[in-house]
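Peer 1: Sharing work-v1.cif (mmCIF, C-alpha atoms) below.
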```
data_final
#
loop_
_atom_site.label_atom_id
_atom_site.label_comp_id
_atom_site.auth_asym_id
_atom_site.auth_seq_id
_atom_site.Cartn_x
_atom_site.Cartn_y
_atom_site.Cartn_z
CA MET Z 1296 67.63 -81.35 129.37
CA THR Z 1297 67.11 -84.48 127.35
CA SER Z 1298 68.25 -84.44 123.78
CA LEU Z 1299 66.49 -86.80 121.41
CA GLY Z 1300 67.74 -87.77 118.00
CA ILE Z 1301 65.64 -86.09 115.36
CA THR Z 1302 63.69 -88.05 112.78
CA PRO Z 1303 65.46 -88.00 109.42
CA SER Z 1304 63.89 -86.50 106.31
CA GLN Z 1305 62.81 -88.64 103.35
CA THR Z 1306 61.59 -87.68 99.91
CA VAL Z 1307 57.94 -86.83 99.28
CA GLY Z 1308 58.15 -89.19 96.29
CA PRO Z 1309 56.04 -88.83 93.15
CA PHE Z 1310 52.63 -89.27 94.77
CA LEU Z 1311 52.51 -86.30 97.13
CA ARG Z 1312 49.26 -85.14 95.54
CA ILE Z 1313 47.41 -87.72 97.64
CA GLY Z 1314 48.49 -86.13 100.90
CA LEU Z 1315 49.99 -82.69 100.42
CA THR Z 1316 47.20 -80.76 98.79
CA TRP Z 1317 44.33 -78.73 100.04
CA PRO Z 1318 41.79 -76.49 98.41
CA GLU Z 1319 43.00 -72.98 97.65
CA GLY Z 1320 46.43 -73.76 99.06
CA GLU Z 1321 48.02 -71.20 96.76
CA GLN Z 1322 45.95 -68.39 98.29
CA VAL Z 1323 47.97 -66.76 101.05
CA VAL Z 1324 45.34 -64.06 100.62
CA PRO Z 1325 41.98 -64.61 98.96
CA GLU Z 1326 41.86 -64.19 95.18
CA GLY Z 1327 40.82 -60.63 94.40
CA THR Z 1328 42.40 -59.02 97.45
CA PRO Z 1329 43.33 -55.44 96.50
CA GLY Z 1330 47.08 -55.06 96.08
CA ALA Z 1331 47.67 -58.78 95.80
CA VAL Z 1332 50.90 -60.10 94.34
CA VAL Z 1333 50.69 -63.12 92.07
CA ILE Z 1334 53.95 -65.03 91.98
CA THR Z 1335 54.31 -67.70 89.33
CA GLY Z 1336 57.33 -69.67 88.28
CA CYS Z 1337 58.66 -72.92 87.01
CA LEU Z 1338 60.61 -75.55 88.90
CA TYR Z 1339 63.45 -76.98 86.76
CA ASP Z 1340 65.82 -79.89 87.22
CA GLY Z 1341 69.49 -79.87 86.28
CA THR Z 1342 68.78 -80.78 82.66
CA GLY Z 1343 66.39 -77.87 82.24
CA GLU Z 1344 63.33 -80.10 82.30
CA PRO Z 1345 60.33 -78.88 84.30
CA VAL Z 1346 59.66 -80.78 87.53
CA ASN Z 1347 56.00 -81.73 87.34
CA ASP Z 1348 55.78 -83.61 90.65
CA GLY Z 1349 56.96 -81.04 93.15
CA VAL Z 1350 55.28 -78.82 95.71
CA ILE Z 1351 56.26 -75.27 96.63
CA GLU Z 1352 55.46 -73.96 100.10
CA THR Z 1353 55.82 -70.35 101.17
CA TRP Z 1354 55.87 -68.70 104.59
CA GLN Z 1355 56.00 -64.97 105.23
CA ALA Z 1356 55.05 -62.02 107.40
CA ASP Z 1357 51.91 -60.07 106.63
CA ALA Z 1358 51.79 -56.70 104.89
CA ASN Z 1359 52.76 -54.97 108.14
CA GLY Z 1360 55.66 -57.31 108.83
CA ARG Z 1361 53.86 -59.19 111.60
CA PHE Z 1362 53.24 -62.85 112.37
CA THR Z 1363 50.25 -64.30 114.14
CA HIS Z 1364 52.52 -66.44 116.26
CA PRO Z 1365 53.32 -66.55 119.99
CA ASP Z 1366 57.06 -66.72 119.34
CA ASP Z 1367 57.16 -63.32 117.68
CA PRO Z 1368 58.61 -61.21 120.53
CA ARG Z 1369 56.80 -58.14 119.22
CA GLY Z 1370 53.49 -59.75 120.14
CA THR Z 1371 50.69 -60.87 117.90
CA ALA Z 1372 48.61 -58.61 115.71
CA ASP Z 1373 45.57 -59.08 113.53
CA PRO Z 1374 46.73 -60.15 110.10
CA GLU Z 1375 46.84 -57.50 107.36
CA PRO Z 1376 45.05 -57.78 105.03
CA ALA Z 1377 42.10 -59.69 106.50
CA GLY Z 1378 42.14 -63.31 105.44
CA PHE Z 1379 45.94 -63.41 105.24
CA ARG Z 1380 47.22 -66.81 106.36
CA GLY Z 1381 50.97 -66.72 105.87
CA LEU Z 1382 51.30 -70.18 104.38
CA GLY Z 1383 51.08 -70.90 100.68
CA ARG Z 1384 51.22 -74.29 99.03
CA SER Z 1385 51.17 -75.01 95.31
CA GLU Z 1386 51.83 -78.23 93.48
CA THR Z 1387 53.74 -77.87 90.25
CA ASP Z 1388 51.63 -78.69 87.20
CA ASP Z 1389 52.48 -80.69 84.09
CA ASN Z 1390 54.68 -77.80 82.93
CA GLY Z 1391 56.46 -77.49 86.28
CA ARG Z 1392 54.61 -74.29 87.11
CA TYR Z 1393 53.38 -73.13 90.50
CA ARG Z 1394 51.34 -70.11 91.52
CA ILE Z 1395 51.02 -68.22 94.81
CA VAL Z 1396 48.61 -65.35 95.50
CA THR Z 1397 49.89 -63.18 98.33
CA VAL Z 1398 50.85 -59.68 99.43
CA LYS Z 1399 54.29 -58.19 99.79
CA PRO Z 1400 55.33 -58.75 103.40
CA GLY Z 1401 56.52 -55.83 105.50
CA ARG Z 1402 60.20 -55.43 106.33
CA LEU Z 1403 61.46 -57.21 109.41
CA PRO Z 1404 63.95 -56.38 112.12
CA ALA Z 1405 67.27 -58.20 112.24
CA PRO Z 1406 69.90 -58.29 114.99
CA GLY Z 1407 72.19 -55.31 115.36
CA GLY Z 1408 69.54 -52.82 114.28
CA GLN Z 1409 69.61 -54.08 110.72
CA VAL Z 1410 66.45 -54.36 108.64
CA GLN Z 1411 65.51 -57.32 106.49
CA ALA Z 1412 64.03 -56.47 103.12
CA SER Z 1413 60.60 -57.89 102.29
CA HIS Z 1414 61.06 -61.61 101.70
CA ILE Z 1415 59.21 -64.90 101.50
CA ASP Z 1416 60.73 -68.16 102.75
CA VAL Z 1417 60.25 -71.04 100.31
CA SER Z 1418 60.45 -74.81 100.77
CA VAL Z 1419 60.69 -77.04 97.71
CA PHE Z 1420 59.74 -80.71 97.91
CA ALA Z 1421 59.91 -83.22 95.06
CA ARG Z 1422 60.73 -86.74 94.06
CA GLY Z 1423 64.51 -86.91 94.05
CA LEU Z 1424 64.86 -84.44 96.93
CA LEU Z 1425 65.64 -86.44 100.07
CA ASP Z 1426 65.16 -83.29 102.12
CA ARG Z 1427 63.38 -80.06 101.26
CA VAL Z 1428 65.49 -77.31 99.79
CA VAL Z 1429 64.94 -73.78 101.08
CA THR Z 1430 65.23 -70.49 99.27
CA ARG Z 1431 63.88 -66.93 99.63
CA ILE Z 1432 61.93 -64.66 97.31
CA TYR Z 1433 62.89 -60.97 97.38
CA PHE Z 1434 61.09 -58.19 95.50
CA PRO Z 1435 62.46 -56.36 92.43
CA ASP Z 1436 61.06 -52.95 93.43
CA GLU Z 1437 63.00 -52.93 96.72
CA ALA Z 1438 66.52 -52.31 95.41
CA THR Z 1439 67.61 -50.11 98.31
CA ALA Z 1440 66.22 -52.42 101.00
CA ASN Z 1441 67.61 -55.46 99.19
CA ALA Z 1442 71.08 -53.91 99.14
CA ALA Z 1443 70.93 -53.52 102.93
CA ASP Z 1444 69.40 -56.92 103.65
CA PRO Z 1445 71.76 -58.95 105.85
CA VAL Z 1446 71.06 -62.23 104.05
CA LEU Z 1447 71.20 -60.97 100.46
CA SER Z 1448 74.17 -58.69 101.01
CA ALA Z 1449 76.18 -61.56 102.50
CA ILE Z 1450 76.11 -63.38 99.15
CA ASP Z 1451 79.15 -62.24 97.16
CA ASP Z 1452 78.34 -64.03 93.93
CA ASP Z 1453 76.25 -61.66 91.78
CA ARG Z 1454 74.63 -64.42 89.75
CA LEU Z 1455 73.68 -66.42 92.82
CA ARG Z 1456 72.32 -63.39 94.65
CA SER Z 1457 70.22 -62.40 91.64
CA THR Z 1458 68.45 -65.79 91.70
CA LEU Z 1459 66.71 -64.70 94.91
CA VAL Z 1460 65.02 -61.63 93.44
CA ALA Z 1461 61.76 -62.15 91.57
CA VAL Z 1462 61.34 -60.41 88.23
CA PRO Z 1463 58.35 -58.40 87.00
CA ASP Z 1464 56.06 -60.54 84.89
CA ALA Z 1465 53.60 -59.53 82.23
CA GLY Z 1466 51.04 -61.54 84.15
CA GLN Z 1467 48.98 -63.58 81.81
CA ASP Z 1468 47.44 -66.08 84.14
CA GLY Z 1469 45.39 -64.11 86.59
CA PRO Z 1470 42.56 -61.63 86.74
CA LEU Z 1471 43.69 -58.18 85.68
CA GLN Z 1472 42.72 -56.52 88.94
CA PHE Z 1473 45.90 -57.72 90.59
CA ASP Z 1474 48.44 -54.99 90.94
CA ILE Z 1475 51.68 -56.93 90.75
CA HIS Z 1476 52.72 -60.00 88.80
CA LEU Z 1477 56.09 -61.52 89.57
CA ARG Z 1478 58.00 -64.47 88.22
CA PHE Z 1479 60.32 -66.57 90.33
CA ASP Z 1480 61.75 -69.64 88.63
CA ILE Z 1481 63.60 -72.22 90.71
CA HIS Z 1482 66.49 -74.20 89.22
CA LEU Z 1483 67.45 -77.15 91.39
CA GLN Z 1484 70.75 -77.70 89.61
CA GLY Z 1485 72.87 -76.54 86.68
CA GLU Z 1486 74.27 -73.23 85.43
CA HIS Z 1487 71.18 -71.35 86.63
CA GLU Z 1488 71.08 -73.11 90.02
CA THR Z 1489 69.08 -71.11 92.57
CA ALA Z 1490 70.69 -70.06 95.85
CA PHE Z 1491 69.53 -72.49 98.53
CA PHE Z 1492 69.88 -72.10 102.27
CA ASP Z 1493 70.88 -74.36 105.11
CA VAL Z 1494 68.37 -73.73 107.87
CA MET B 382 71.27 -86.78 110.37
CA HIS B 383 69.21 -85.96 107.29
CA PRO B 384 70.22 -87.84 104.15
CA PRO B 385 72.62 -86.11 101.77
CA LEU B 386 70.71 -84.59 98.86
CA GLN B 387 73.26 -86.10 96.52
CA SER B 388 72.63 -89.82 97.03
CA PRO B 389 73.42 -91.36 93.62
CA ASP B 390 71.95 -94.77 94.44
CA TYR B 391 68.57 -93.01 94.38
CA ARG B 392 68.68 -92.09 90.72
CA SER B 393 66.24 -89.18 90.79
CA THR B 394 68.73 -87.25 92.92
CA LEU B 395 71.19 -87.10 90.02
CA THR B 396 69.40 -84.31 88.18
CA ARG B 397 67.53 -82.79 91.10
CA ALA B 398 69.92 -82.44 94.03
CA PRO B 399 71.56 -79.00 94.08
CA ALA B 400 75.30 -79.10 93.40
CA LEU B 401 76.29 -75.96 95.30
CA ALA B 402 76.76 -75.96 99.06
CA PRO B 403 73.80 -74.32 100.79
CA ILE B 404 74.26 -70.90 102.34
CA VAL B 405 73.76 -70.76 106.10
CA LEU B 406 70.59 -68.80 106.84
CA PRO B 407 70.59 -67.16 110.26
CA HIS B 408 67.38 -67.87 112.11
CA MET B 409 65.36 -64.71 112.29
CA LEU B 410 61.65 -64.02 112.62
CA THR B 411 60.50 -65.72 109.43
CA GLU B 412 62.42 -68.87 110.30
CA LEU B 413 61.42 -68.97 113.98
CA THR B 414 57.70 -68.65 113.29
CA GLY B 415 55.52 -70.90 111.18
CA PRO B 416 51.94 -71.74 110.32
CA LEU B 417 49.90 -72.84 113.33
CA LEU B 418 47.39 -75.16 111.78
CA GLY B 419 45.73 -76.57 114.87
CA ASN B 420 42.39 -75.39 113.59
CA GLY B 421 43.23 -76.66 110.15
CA PRO B 422 40.87 -77.98 107.54
CA LEU B 423 39.99 -81.30 109.17
CA ALA B 424 36.98 -83.26 108.02
CA PRO B 425 35.31 -86.32 109.55
CA TYR B 426 37.33 -89.47 108.93
CA ASP B 427 40.44 -87.53 107.98
CA ASN B 428 42.25 -89.66 110.53
CA ASP B 429 40.49 -92.92 109.61
CA LEU B 430 41.57 -93.90 106.12
CA THR B 431 39.49 -97.09 106.26
CA MET B 432 36.21 -95.15 106.52
CA GLN B 433 36.47 -92.48 103.85
CA HIS B 434 34.25 -94.33 101.36
CA SER B 435 30.92 -96.12 101.40
CA GLY B 436 32.54 -99.54 101.64
CA GLU B 437 35.33 -100.82 103.85
CA ALA B 438 38.93 -100.65 102.67
CA ILE B 439 40.62 -103.96 101.95
CA GLY B 440 43.69 -105.05 103.88
CA GLN B 441 45.14 -105.42 107.34
CA ARG B 442 43.54 -102.73 109.51
CA ILE B 443 46.12 -100.96 111.69
CA ILE B 444 46.34 -98.10 114.14
CA VAL B 445 49.33 -95.82 113.67
CA HIS B 446 49.91 -93.52 116.59
CA GLY B 447 52.66 -91.71 118.44
CA LYS B 448 53.84 -88.37 119.69
CA VAL B 449 55.36 -85.40 117.97
CA LEU B 450 58.20 -84.05 120.11
CA ASP B 451 61.01 -81.57 119.73
CA ALA B 452 64.64 -82.51 120.28
CA HIS B 453 64.32 -81.58 123.96
CA GLY B 454 61.53 -84.10 124.42
CA ARG B 455 58.83 -81.45 124.68
CA PRO B 456 55.51 -82.38 123.07
CA ILE B 457 54.36 -80.26 120.12
CA PRO B 458 50.60 -79.72 120.43
CA ASP B 459 48.23 -78.46 117.72
CA ALA B 460 50.57 -79.61 114.95
CA LEU B 461 49.14 -80.72 111.63
CA VAL B 462 50.18 -84.26 110.65
CA GLU B 463 49.49 -85.27 107.04
CA ILE B 464 49.99 -88.78 105.69
CA TRP B 465 49.72 -90.54 102.35
CA GLN B 466 50.35 -94.12 101.35
CA ALA B 467 49.78 -96.99 98.93
CA ASN B 468 46.94 -99.44 99.45
CA ALA B 469 47.28 -103.02 100.74
CA ALA B 470 48.41 -104.18 97.30
CA GLY B 471 51.13 -101.54 97.11
CA ARG B 472 49.35 -99.27 94.64
CA TYR B 473 48.83 -95.52 94.98
CA ARG B 474 45.64 -93.87 93.82
CA HIS B 475 47.56 -91.61 91.46
CA HIS B 476 47.57 -91.43 87.68
CA VAL B 477 51.35 -91.93 87.50
CA ASP B 478 51.20 -95.24 89.38
CA ASN B 479 50.05 -97.89 86.93
CA TRP B 480 51.90 -101.05 87.90
CA ARG B 481 49.90 -104.26 87.82
CA ALA B 482 48.36 -104.23 91.28
CA PRO B 483 44.69 -103.57 92.00
CA LEU B 484 43.25 -100.27 93.15
CA ASP B 485 40.78 -100.40 96.03
CA PRO B 486 37.72 -98.24 95.33
CA ASN B 487 37.29 -97.82 99.06
CA PHE B 488 40.78 -96.56 99.82
CA THR B 489 42.24 -93.17 98.84
CA GLY B 490 45.31 -93.25 101.06
CA GLY B 491 45.43 -89.67 102.37
CA GLY B 492 44.86 -88.59 105.97
CA ARG B 493 45.22 -85.69 108.39
CA ALA B 494 45.30 -85.29 112.14
CA VAL B 495 46.20 -82.57 114.63
CA THR B 496 48.29 -83.38 117.69
CA ARG B 497 46.67 -83.20 121.11
CA ALA B 498 48.02 -81.25 124.08
CA ASP B 499 50.50 -84.04 124.84
CA GLY B 500 51.74 -84.13 121.23
CA SER B 501 49.92 -87.38 120.44
CA TYR B 502 48.22 -88.26 117.19
CA GLU B 503 46.42 -91.35 115.92
CA PHE B 504 45.37 -92.73 112.54
CA THR B 505 43.45 -95.83 111.59
CA THR B 506 44.49 -97.12 108.20
CA ILE B 507 45.43 -100.18 106.13
CA LYS B 508 48.91 -101.63 106.22
CA PRO B 509 50.42 -100.56 102.89
CA GLY B 510 51.98 -103.09 100.55
CA ALA B 511 55.48 -102.99 99.12
CA TYR B 512 55.79 -102.05 95.46
CA PRO B 513 58.32 -102.21 92.64
CA TRP B 514 59.88 -99.11 91.17
CA LYS B 515 62.21 -98.53 88.28
CA ASN B 516 65.20 -97.11 90.13
CA ASN B 517 67.24 -100.25 89.37
CA PRO B 518 66.43 -103.81 88.27
CA ASN B 519 63.94 -105.58 90.55
CA ALA B 520 63.91 -102.71 93.03
CA TRP B 521 61.14 -102.74 95.66
CA ARG B 522 60.17 -100.06 98.13
CA PRO B 523 59.67 -101.38 101.66
CA ALA B 524 56.15 -100.73 102.93
CA HIS B 525 55.93 -97.16 104.21
CA ILE B 526 53.62 -94.31 105.06
CA HIS B 527 54.61 -90.75 104.09
CA PHE B 528 54.40 -88.23 106.97
CA SER B 529 54.41 -84.44 106.71
CA LEU B 530 54.76 -82.18 109.76
CA PHE B 531 54.85 -78.43 110.29
CA GLY B 532 55.78 -78.17 113.95
CA ARG B 533 55.62 -74.58 115.16
CA ALA B 534 58.40 -72.93 113.19
CA PHE B 535 59.58 -72.85 109.60
CA VAL B 536 62.84 -74.53 110.64
CA GLN B 537 60.92 -77.50 112.06
CA ARG B 538 59.19 -78.45 108.80
CA LEU B 539 59.71 -82.16 108.11
CA VAL B 540 58.57 -84.70 105.54
CA THR B 541 59.59 -88.28 106.22
CA GLN B 542 58.50 -91.88 105.76
CA MET B 543 57.45 -94.34 108.44
CA TYR B 544 58.57 -97.93 107.92
CA PHE B 545 57.48 -101.18 109.55
CA PRO B 546 59.63 -103.33 111.83
CA ASP B 547 61.73 -106.16 110.41
CA ASP B 548 60.98 -105.37 106.78
CA PRO B 549 63.10 -107.74 104.65
CA LEU B 550 63.34 -105.11 101.90
CA PHE B 551 65.41 -102.57 103.85
CA PHE B 552 68.76 -103.89 102.61
CA GLN B 553 68.10 -103.00 98.98
CA ASP B 554 66.26 -99.68 99.34
CA PRO B 555 68.35 -96.61 98.43
CA ILE B 556 65.83 -94.18 99.92
CA PHE B 557 65.79 -95.81 103.37
CA ASN B 558 69.57 -96.27 103.21
CA SER B 559 70.18 -92.69 102.10
CA VAL B 560 70.19 -91.98 105.83
CA ARG B 561 73.76 -93.00 106.53
CA ASP B 562 73.59 -93.27 110.31
CA GLU B 563 72.25 -96.60 111.54
CA LYS B 564 70.65 -95.14 114.67
CA ALA B 565 68.97 -92.42 112.64
CA ARG B 566 67.61 -95.00 110.20
CA GLN B 567 66.08 -96.88 113.12
CA ARG B 568 64.17 -93.75 114.08
CA MET B 569 62.16 -94.06 110.86
CA ILE B 570 60.93 -97.56 111.80
CA SER B 571 57.74 -97.87 113.80
CA THR B 572 57.45 -100.42 116.61
CA TYR B 573 54.73 -103.02 116.96
CA ASP B 574 52.59 -101.91 119.90
CA HIS B 575 50.44 -104.71 121.26
CA GLU B 576 49.14 -102.52 124.09
CA SER B 577 47.41 -100.28 121.57
CA THR B 578 45.82 -102.97 119.44
CA LYS B 579 42.03 -103.16 119.43
CA GLU B 580 40.74 -106.64 120.05
CA GLU B 581 38.84 -108.11 117.09
CA TRP B 582 39.61 -104.95 115.13
CA ALA B 583 43.15 -103.66 114.48
CA LEU B 584 46.87 -104.17 115.07
CA ALA B 585 48.87 -101.18 116.20
CA PHE B 586 52.21 -99.54 115.46
CA ARG B 587 53.83 -96.68 117.32
CA PHE B 588 55.79 -93.95 115.53
CA ASP B 589 57.17 -91.05 117.54
CA ILE B 590 58.49 -88.16 115.48
CA VAL B 591 61.18 -85.83 116.78
CA LEU B 592 61.51 -82.40 115.15
CA ARG B 593 64.55 -80.21 115.63
CA GLY B 594 64.47 -77.63 118.41
CA ARG B 595 63.31 -74.13 117.62
CA ASP B 596 65.18 -72.21 120.27
CA ALA B 597 68.02 -70.96 118.13
CA THR B 598 68.81 -67.35 118.82
CA PRO B 599 69.09 -64.95 115.92
CA PHE B 600 72.42 -65.16 114.12
CA GLU B 601 73.46 -68.19 116.10
CA GLN B 602 75.80 -70.11 113.84
CA LYS B 603 75.57 -73.84 113.37
CA PRO B 604 78.44 -75.78 114.92
#
```
Could you show the structure in this file as structure tokens?
Peer 2:
Amino acid sequence: MTSLGITPSQTVGPFLRIGLTWPEGEQVVPEGTPGAVVITGCLYDGTGEPVNDGVIETWQADANGRFTHPDDPRGTADPEPAGFRGLGRSETDDNGRYRIVTVKPGRLPAPGGQVQASHIDVSVFARGLLDRVVTRIYFPDEATANAADPVLSAIDDDRLRSTLVAVPDAGQDGPLQFDIHLRFDIHLQGEHETAFFDV
Amino acid sequence: MHPPLQSPDYRSTLTRAPALAPIVLPHMLTELTGPLLGNGPLAPYDNDLTMQHSGEAIGQRIIVHGKVLDAHGRPIPDALVEIWQANAAGRYRHHVDNWRAPLDPNFTGGGRAVTRADGSYEFTTIKPGAYPWKNNPNAWRPAHIHFSLFGRAFVQRLVTQMYFPDDPLFFQDPIFNSVRDEKARQRMISTYDHESTKEEWALAFRFDIVLRGRDATPFEQKP
């Protein structure tokens, strides 16, 4: 089979707002969905300054752990809840903050009969990043599942592993009907550097 | 292949590129699936950036087209392609860009298209101008169009920049040259495509985009 050289990545630069936005991009589920999880956080650079020209994208299974995708060998299923679209996209604002409205994804199978804890894959794009960086959001109320997760449990460094677990948030920037508010800050560099993945 | 995140000649990387080595993430279901946006939020003229306003955009009208393929040469249909760019004078319609070049009220600089069954896409736009930036004294970005692609799987996500052939500014651009491999750099440069020009209307450039394969098996380790 032919093998073509892949096109290299380049930075999104500082003007991504012109091309990488769409209405309601942060809504993986519609605002007001019962049981929704609102994840907010700040993107920081290595000096602790907020990154105000980045974009955060999320991709995840639905509440039942299913994907509406032909490459899921378990077959496709109607998304749960209705209106779920899997992808989230949020620009960071002047204070470096992003916001995603979603639901906790179901657990997923892993090879060898293992089970992956509920998780969200995250891509971070910004000026100064020549390629995206990838991380994962895990959930703080899933301690047992997190301990058995093949990705999390493979990280020996306690500090680094803890960067992948969101923390409960008082939740001041969303309607009160949401059940769960989480905070997930992302540190690109420095003593609090987030764990990033090579995909 | 991809540029190293730590590329000090591009100054913004100094405080933003992670310092720790990334952890290898085995490809499992979340990584091997991705958003299928073939029915995405397209509006009329999303793929014609010269016609998004009441008047005509100023500059050299061009067609930018090509195919989105995977590393095995297979076309990727129904893939969302998003682009953004400066206007003919090299100015972005963005509040942060305030260098002394004119804005064009009839040019926003953002576009979207979805690939056809054979992986092809096409935009009509204006050839963007080069522009100065403050990375180092008298630094100029070569003319480029930003491209964003989802492919079919999370692992295929790509954001890149398309350049124009024979740009005299390549030699001094740390972003273009952050890609260390000469052949890989060439893959970011479009080719002039006379066959696809439209007589009395537009020049044409071809830009094929190759995304990584998505046939990794779970827990397959990278070489």
Peer 1: Residues within 7 Å of Phe588 (chain B), please, as a short mmCIF file (atom, residue, chain, number, x, y, z; two decimals) with C-alpha atoms, keeping the file's coordinate frame. Count all atoms listed in the file; anything in the same chain fewer than 3 positions from it doesn't count.
Peer 2:
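Heads up, here's the output in around_18.cif:
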```
data_model
loop_
_atom_site.label_atom_id
_atom_site.label_comp_id
_atom_site.auth_asym_id
_atom_site.auth_seq_id
_atom_site.Cartn_x
_atom_site.Cartn_y
_atom_site.Cartn_z
CA VAL B 445 49.33 -95.82 113.67
CA HIS B 446 49.91 -93.52 116.59
CA GLY B 447 52.66 -91.71 118.44
CA SER B 571 57.74 -97.87 113.80
CA THR B 572 57.45 -100.42 116.61
#
```
Peer 1: Find the nearest atom pair between each residue of region 1375-1428 of chain Z and region 1476-1483 of chain Z for residues within 10 Å, count all atoms listed in the file, give distances in Å to one decimal, sort rows by chain and ascending number, and present the table as a tab-separated table.
Peer 2:
```
residue	atom	partner	partner_atom	distance
Z:Gly1391	CA	Z:Asp1480	CA	9.8
Z:Arg1392	CA	Z:Asp1480	CA	8.7
Z:Tyr1393	CA	Z:Asp1480	CA	9.3
Z:Arg1394	CA	Z:Arg1478	CA	9.3
Z:Ile1395	CA	Z:Leu1477	CA	9.9
Z:Val1396	CA	Z:His1476	CA	9.5
Z:Val1419	CA	Z:Ile1481	CA	9.0
Z:Leu1424	CA	Z:Leu1483	CA	9.5
Z:Val1428	CA	Z:Leu1483	CA	8.6
```
Peer 1: Show which residues sit within 12 Å of region 1336-1338 of chain Z, as an MDAnalysis selection string. Count all atoms listed in the file, and ignore same-chain residues fewer than 2 positions away.
Peer 2: (chainID Z and resid 1333:1334 1340:1351 1385:1395 1418:1421 1432 1461:1464 1466 1468 1476:1484 1487:1489) or (chainID B and resid 397)
Peer 1: Run the PyMOL selection byres ((chain B) within 7 of (chain Z)) mentally over the shown coordinates, then write out the matched residues as a ChimeraX atom specification, using the chain letters and numbers from the document.
Peer 2: /B:382-384,386,393-394,396-400,403-406,409-411,414-416,452-454,463-465,475,490-492,536,539-542,565,568-569,590-593,599
Peer 1: For this structure, which residues satisfy the selection - the PyMOL selection byres ((chain B and resi 468) around 8) - when it is evaluated on the file as given? I want them as a list in words.
Peer 2: Gly440, Gln466, Ala467, Ala469, Ala470, Gly471, Arg472, Tyr473, Leu484, Asp485, Phe488, Thr489, Gly490, Ile507, Lys508, Pro509 and Gly510 of chain B
Peer 1: Can region 551-564 of chain B be brought up to N, CA and C atoms and written out as a PDB file, in the coordinates of the input?
Peer 2:
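Here's the written file rebuild_17.pdb:
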```
ATOM      1  N   PHE B 551      64.565-103.726 103.498  1.00  0.00           N
ATOM      2  CA  PHE B 551      65.410-102.570 103.850  1.00  0.00           C
ATOM      3  C   PHE B 551      66.763-102.612 103.142  1.00  0.00           C
ATOM      4  N   PHE B 552      67.352-103.800 103.054  1.00  0.00           N
ATOM      5  CA  PHE B 552      68.760-103.890 102.610  1.00  0.00           C
ATOM      6  C   PHE B 552      68.969-103.332 101.208  1.00  0.00           C
ATOM      7  N   GLN B 553      67.924-103.364 100.384  1.00  0.00           N
ATOM      8  CA  GLN B 553      68.100-103.000  98.980  1.00  0.00           C
ATOM      9  C   GLN B 553      67.434-101.667  98.628  1.00  0.00           C
ATOM     10  N   ASP B 554      67.009-100.900  99.640  1.00  0.00           N
ATOM     11  CA  ASP B 554      66.260 -99.680  99.340  1.00  0.00           C
ATOM     12  C   ASP B 554      67.144 -98.434  99.466  1.00  0.00           C
ATOM     13  N   PRO B 555      67.431 -97.759  98.362  1.00  0.00           N
ATOM     14  CA  PRO B 555      68.350 -96.610  98.430  1.00  0.00           C
ATOM     15  C   PRO B 555      67.747 -95.390  99.126  1.00  0.00           C
ATOM     16  N   ILE B 556      66.422 -95.331  99.230  1.00  0.00           N
ATOM     17  CA  ILE B 556      65.830 -94.180  99.920  1.00  0.00           C
ATOM     18  C   ILE B 556      65.982 -94.358 101.437  1.00  0.00           C
ATOM     19  N   PHE B 557      65.582 -95.518 101.942  1.00  0.00           N
ATOM     20  CA  PHE B 557      65.790 -95.810 103.370  1.00  0.00           C
ATOM     21  C   PHE B 557      67.271 -95.668 103.726  1.00  0.00           C
ATOM     22  N   ASN B 558      68.138 -96.247 102.897  1.00  0.00           N
ATOM     23  CA  ASN B 558      69.570 -96.270 103.210  1.00  0.00           C
ATOM     24  C   ASN B 558      70.291 -94.969 102.875  1.00  0.00           C
ATOM     25  N   SER B 559      69.555 -93.993 102.321  1.00  0.00           N
ATOM     26  CA  SER B 559      70.180 -92.690 102.100  1.00  0.00           C
ATOM     27  C   SER B 559      70.527 -92.035 103.429  1.00  0.00           C
ATOM     28  N   VAL B 560      69.827 -92.430 104.485  1.00  0.00           N
ATOM     29  CA  VAL B 560      70.190 -91.980 105.830  1.00  0.00           C
ATOM     30  C   VAL B 560      71.363 -92.852 106.264  1.00  0.00           C
ATOM     31  N   ARG B 561      72.531 -92.220 106.378  1.00  0.00           N
ATOM     32  CA  ARG B 561      73.760 -93.000 106.530  1.00  0.00           C
ATOM     33  C   ARG B 561      73.918 -93.583 107.935  1.00  0.00           C
ATOM     34  N   ASP B 562      73.375 -92.872 108.921  1.00  0.00           N
ATOM     35  CA  ASP B 562      73.590 -93.270 110.310  1.00  0.00           C
ATOM     36  C   ASP B 562      72.585 -94.354 110.709  1.00  0.00           C
ATOM     37  N   GLU B 563      73.090 -95.460 111.184  1.00  0.00           N
ATOM     38  CA  GLU B 563      72.250 -96.600 111.540  1.00  0.00           C
ATOM     39  C   GLU B 563      71.194 -96.237 112.585  1.00  0.00           C
ATOM     40  N   LYS B 564      71.615 -95.514 113.619  1.00  0.00           N
ATOM     41  CA  LYS B 564      70.650 -95.140 114.670  1.00  0.00           C
ATOM     42  C   LYS B 564      69.570 -94.214 114.105  1.00  0.00           C
TER      43      LYS B 564
END
```
